[in-house]
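Undergrad: Data file work_9.txt (compact mmCIF, N, CA and C atoms) is appended below.
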# COMPACT_ATOMS: atom_id res chain seq x y z
N MET A 1 120.58 79.10 93.71
CA MET A 1 120.04 80.42 93.95
C MET A 1 119.34 80.90 92.68
N ASP A 2 118.18 81.44 92.85
CA ASP A 2 117.41 81.95 91.71
C ASP A 2 117.80 83.41 91.47
N THR A 3 118.78 83.62 90.60
CA THR A 3 119.30 84.96 90.37
C THR A 3 118.29 85.86 89.67
N VAL A 4 117.39 85.28 88.90
CA VAL A 4 116.38 86.10 88.22
C VAL A 4 115.42 86.69 89.26
N LEU A 5 115.00 85.88 90.20
CA LEU A 5 114.08 86.36 91.24
C LEU A 5 114.75 87.42 92.12
N VAL A 6 115.96 87.14 92.56
CA VAL A 6 116.69 88.09 93.41
C VAL A 6 117.00 89.37 92.65
N GLY A 7 117.52 89.23 91.44
CA GLY A 7 117.85 90.40 90.63
C GLY A 7 116.63 91.22 90.28
N GLY A 8 115.53 90.56 89.96
CA GLY A 8 114.29 91.26 89.65
C GLY A 8 113.75 92.02 90.85
N THR A 9 113.83 91.40 92.02
CA THR A 9 113.36 92.06 93.23
C THR A 9 114.22 93.28 93.55
N VAL A 10 115.54 93.12 93.45
CA VAL A 10 116.45 94.24 93.70
C VAL A 10 116.17 95.37 92.72
N PHE A 11 115.98 95.03 91.45
CA PHE A 11 115.71 96.06 90.45
C PHE A 11 114.41 96.79 90.75
N LEU A 12 113.35 96.06 91.07
CA LEU A 12 112.06 96.71 91.35
C LEU A 12 112.12 97.61 92.58
N VAL A 13 112.79 97.16 93.62
CA VAL A 13 112.91 97.98 94.82
C VAL A 13 113.74 99.23 94.52
N ALA A 14 114.86 99.06 93.83
CA ALA A 14 115.71 100.20 93.49
C ALA A 14 114.99 101.16 92.56
N ALA A 15 114.29 100.64 91.56
CA ALA A 15 113.57 101.51 90.63
C ALA A 15 112.48 102.28 91.35
N GLY A 16 111.77 101.64 92.25
CA GLY A 16 110.74 102.33 93.03
C GLY A 16 111.33 103.44 93.88
N ALA A 17 112.44 103.15 94.53
CA ALA A 17 113.09 104.17 95.36
C ALA A 17 113.60 105.33 94.51
N ILE A 18 114.17 105.02 93.37
CA ILE A 18 114.69 106.07 92.49
C ILE A 18 113.56 106.93 91.94
N PHE A 19 112.48 106.32 91.51
CA PHE A 19 111.37 107.10 90.98
C PHE A 19 110.68 107.93 92.06
N LEU A 20 110.61 107.41 93.28
CA LEU A 20 110.09 108.23 94.38
C LEU A 20 111.02 109.42 94.64
N GLY A 21 112.32 109.16 94.60
CA GLY A 21 113.29 110.23 94.76
C GLY A 21 113.18 111.28 93.68
N ILE A 22 113.02 110.84 92.44
CA ILE A 22 112.86 111.78 91.32
C ILE A 22 111.60 112.62 91.51
N ASP A 23 110.53 112.00 91.97
CA ASP A 23 109.29 112.73 92.21
C ASP A 23 109.48 113.80 93.29
N ARG A 24 110.16 113.43 94.38
CA ARG A 24 110.41 114.41 95.45
C ARG A 24 111.33 115.52 94.98
N ILE A 25 112.32 115.18 94.17
CA ILE A 25 113.21 116.21 93.63
C ILE A 25 112.44 117.15 92.72
N GLY A 26 111.55 116.62 91.92
CA GLY A 26 110.74 117.45 91.03
C GLY A 26 109.86 118.43 91.77
N LYS A 27 109.42 118.05 92.95
CA LYS A 27 108.55 118.92 93.75
C LYS A 27 109.32 119.86 94.67
N SER A 28 110.64 119.70 94.73
CA SER A 28 111.43 120.53 95.64
C SER A 28 111.66 121.91 95.04
N ASP A 29 112.24 122.79 95.83
CA ASP A 29 112.47 124.15 95.36
C ASP A 29 113.93 124.40 94.96
N MET A 30 114.67 123.35 94.67
CA MET A 30 116.04 123.54 94.21
C MET A 30 116.04 124.05 92.76
N PRO A 31 117.13 124.63 92.32
CA PRO A 31 117.18 125.17 90.95
C PRO A 31 116.95 124.08 89.90
N GLU A 32 116.36 124.49 88.78
CA GLU A 32 116.00 123.54 87.72
C GLU A 32 117.21 122.78 87.20
N ARG A 33 118.34 123.45 87.06
CA ARG A 33 119.54 122.78 86.56
C ARG A 33 119.96 121.65 87.50
N ARG A 34 119.95 121.91 88.80
CA ARG A 34 120.33 120.89 89.77
C ARG A 34 119.34 119.74 89.77
N LYS A 35 118.04 120.06 89.66
CA LYS A 35 117.02 119.00 89.57
C LYS A 35 117.31 118.08 88.40
N ARG A 36 117.60 118.69 87.26
CA ARG A 36 117.86 117.92 86.05
C ARG A 36 119.11 117.05 86.22
N LEU A 37 120.17 117.61 86.78
CA LEU A 37 121.41 116.85 86.95
C LEU A 37 121.23 115.69 87.93
N VAL A 38 120.52 115.93 89.02
CA VAL A 38 120.29 114.86 89.99
C VAL A 38 119.41 113.77 89.38
N THR A 39 118.41 114.18 88.61
CA THR A 39 117.55 113.20 87.95
C THR A 39 118.35 112.35 86.97
N TYR A 40 119.21 112.99 86.18
CA TYR A 40 120.05 112.24 85.25
C TYR A 40 120.99 111.29 85.99
N ALA A 41 121.53 111.74 87.11
CA ALA A 41 122.42 110.89 87.90
C ALA A 41 121.68 109.67 88.45
N LEU A 42 120.46 109.88 88.93
CA LEU A 42 119.68 108.75 89.45
C LEU A 42 119.32 107.77 88.34
N MET A 43 118.93 108.28 87.18
CA MET A 43 118.61 107.39 86.06
C MET A 43 119.86 106.64 85.59
N GLY A 44 120.98 107.33 85.57
CA GLY A 44 122.24 106.67 85.23
C GLY A 44 122.58 105.57 86.22
N GLY A 45 122.34 105.84 87.50
CA GLY A 45 122.57 104.81 88.51
C GLY A 45 121.68 103.60 88.32
N LEU A 46 120.44 103.83 87.91
CA LEU A 46 119.53 102.71 87.64
C LEU A 46 120.03 101.89 86.45
N ILE A 47 120.54 102.56 85.45
CA ILE A 47 121.09 101.84 84.28
C ILE A 47 122.31 101.02 84.70
N VAL A 48 123.20 101.61 85.48
CA VAL A 48 124.38 100.89 85.94
C VAL A 48 123.97 99.69 86.80
N LEU A 49 122.99 99.87 87.66
CA LEU A 49 122.49 98.76 88.48
C LEU A 49 121.93 97.64 87.61
N THR A 50 121.19 98.00 86.57
CA THR A 50 120.61 97.00 85.67
C THR A 50 121.70 96.21 84.97
N VAL A 51 122.71 96.90 84.46
CA VAL A 51 123.83 96.21 83.80
C VAL A 51 124.55 95.30 84.80
N GLY A 52 124.73 95.78 86.03
CA GLY A 52 125.36 94.96 87.06
C GLY A 52 124.56 93.71 87.40
N ILE A 53 123.26 93.84 87.46
CA ILE A 53 122.40 92.67 87.72
C ILE A 53 122.52 91.66 86.59
N PHE A 54 122.50 92.13 85.36
CA PHE A 54 122.65 91.21 84.22
C PHE A 54 124.02 90.53 84.25
N HIS A 55 125.06 91.29 84.56
CA HIS A 55 126.41 90.71 84.62
C HIS A 55 126.48 89.65 85.72
N TRP A 56 125.92 89.95 86.89
CA TRP A 56 125.92 88.99 87.99
C TRP A 56 125.16 87.73 87.61
N HIS A 57 123.98 87.89 87.00
CA HIS A 57 123.19 86.73 86.59
C HIS A 57 123.95 85.88 85.58
N ARG A 58 124.59 86.53 84.61
CA ARG A 58 125.35 85.80 83.60
C ARG A 58 126.51 85.04 84.23
N ALA A 59 127.22 85.67 85.16
CA ALA A 59 128.36 85.01 85.80
C ALA A 59 127.93 83.79 86.61
N VAL A 60 126.84 83.92 87.33
CA VAL A 60 126.34 82.78 88.12
C VAL A 60 125.85 81.68 87.20
N TYR A 61 125.14 82.04 86.14
CA TYR A 61 124.61 81.06 85.19
C TYR A 61 125.76 80.32 84.49
N MET A 62 126.75 81.07 84.04
CA MET A 62 127.88 80.45 83.34
C MET A 62 128.65 79.53 84.28
N ALA A 63 128.83 79.93 85.53
CA ALA A 63 129.56 79.10 86.49
C ALA A 63 128.80 77.81 86.78
N ALA A 64 127.49 77.90 86.82
CA ALA A 64 126.68 76.72 87.16
C ALA A 64 126.56 75.74 85.99
N TYR A 65 126.46 76.24 84.77
CA TYR A 65 126.15 75.37 83.64
C TYR A 65 127.30 75.10 82.71
N THR A 66 128.46 75.67 82.93
CA THR A 66 129.61 75.34 82.08
C THR A 66 130.71 74.68 82.87
N ALA A 67 130.50 74.42 84.15
CA ALA A 67 131.51 73.79 84.98
C ALA A 67 131.79 72.36 84.54
N GLY A 68 130.78 71.66 84.08
CA GLY A 68 130.94 70.26 83.71
C GLY A 68 131.35 70.04 82.26
N SER A 69 131.36 71.09 81.45
CA SER A 69 131.65 70.92 80.02
C SER A 69 133.12 70.85 79.73
What is this structure when it is put down as structure tokens?

TA:
Amino acid sequence: MDTVLVGGTVFLVAAGAIFLGIDRIGKSDMPERRKRLVTYALMGGLIVLTVGIFHWHRAVYMAAYTAGS
């Protein structure tokens, strides 16, 4: 399995969805404080997703290439 291709695709789709969401939130009429908090939460989620993708890729890579050592 090509974890870089799968992880990259998941990241790009998630980042696109998050940035579209942030754009819609910015144009909404909710209070500024709530807009800011939701935006921070979405960006935090993107960071957590990125770390998770790297962890998954590392685990698959290590399992595949250190099994014979």

Undergrad: From the list A:Asp2, A:Gly7, A:Leu12, A:Thr39, which residue is nearest Trp56 of chain A when using only C-alpha atoms?

TA: A:Gly7

Undergrad: If you measure from atom CA of Thr3 of chain A to atom CA of Ile22 of chain A, what distance in Å do you get, rounded to one decimal?

TA: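 It comes out at 27.6 Å.
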
Undergrad: Would you work out the distance separating atom CA of Met30 of chain A from atom CA of Val10 of chain A, expressed in Å to one decimal?

TA: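 Atom CA of Val10 of chain A lies 29.3 Å from atom CA of Met30 of chain A.
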
Undergrad: Quick one, how far is atom N of Gly45 of chain A from atom CA of Val60 of chain A?

TA: 23.4 Å
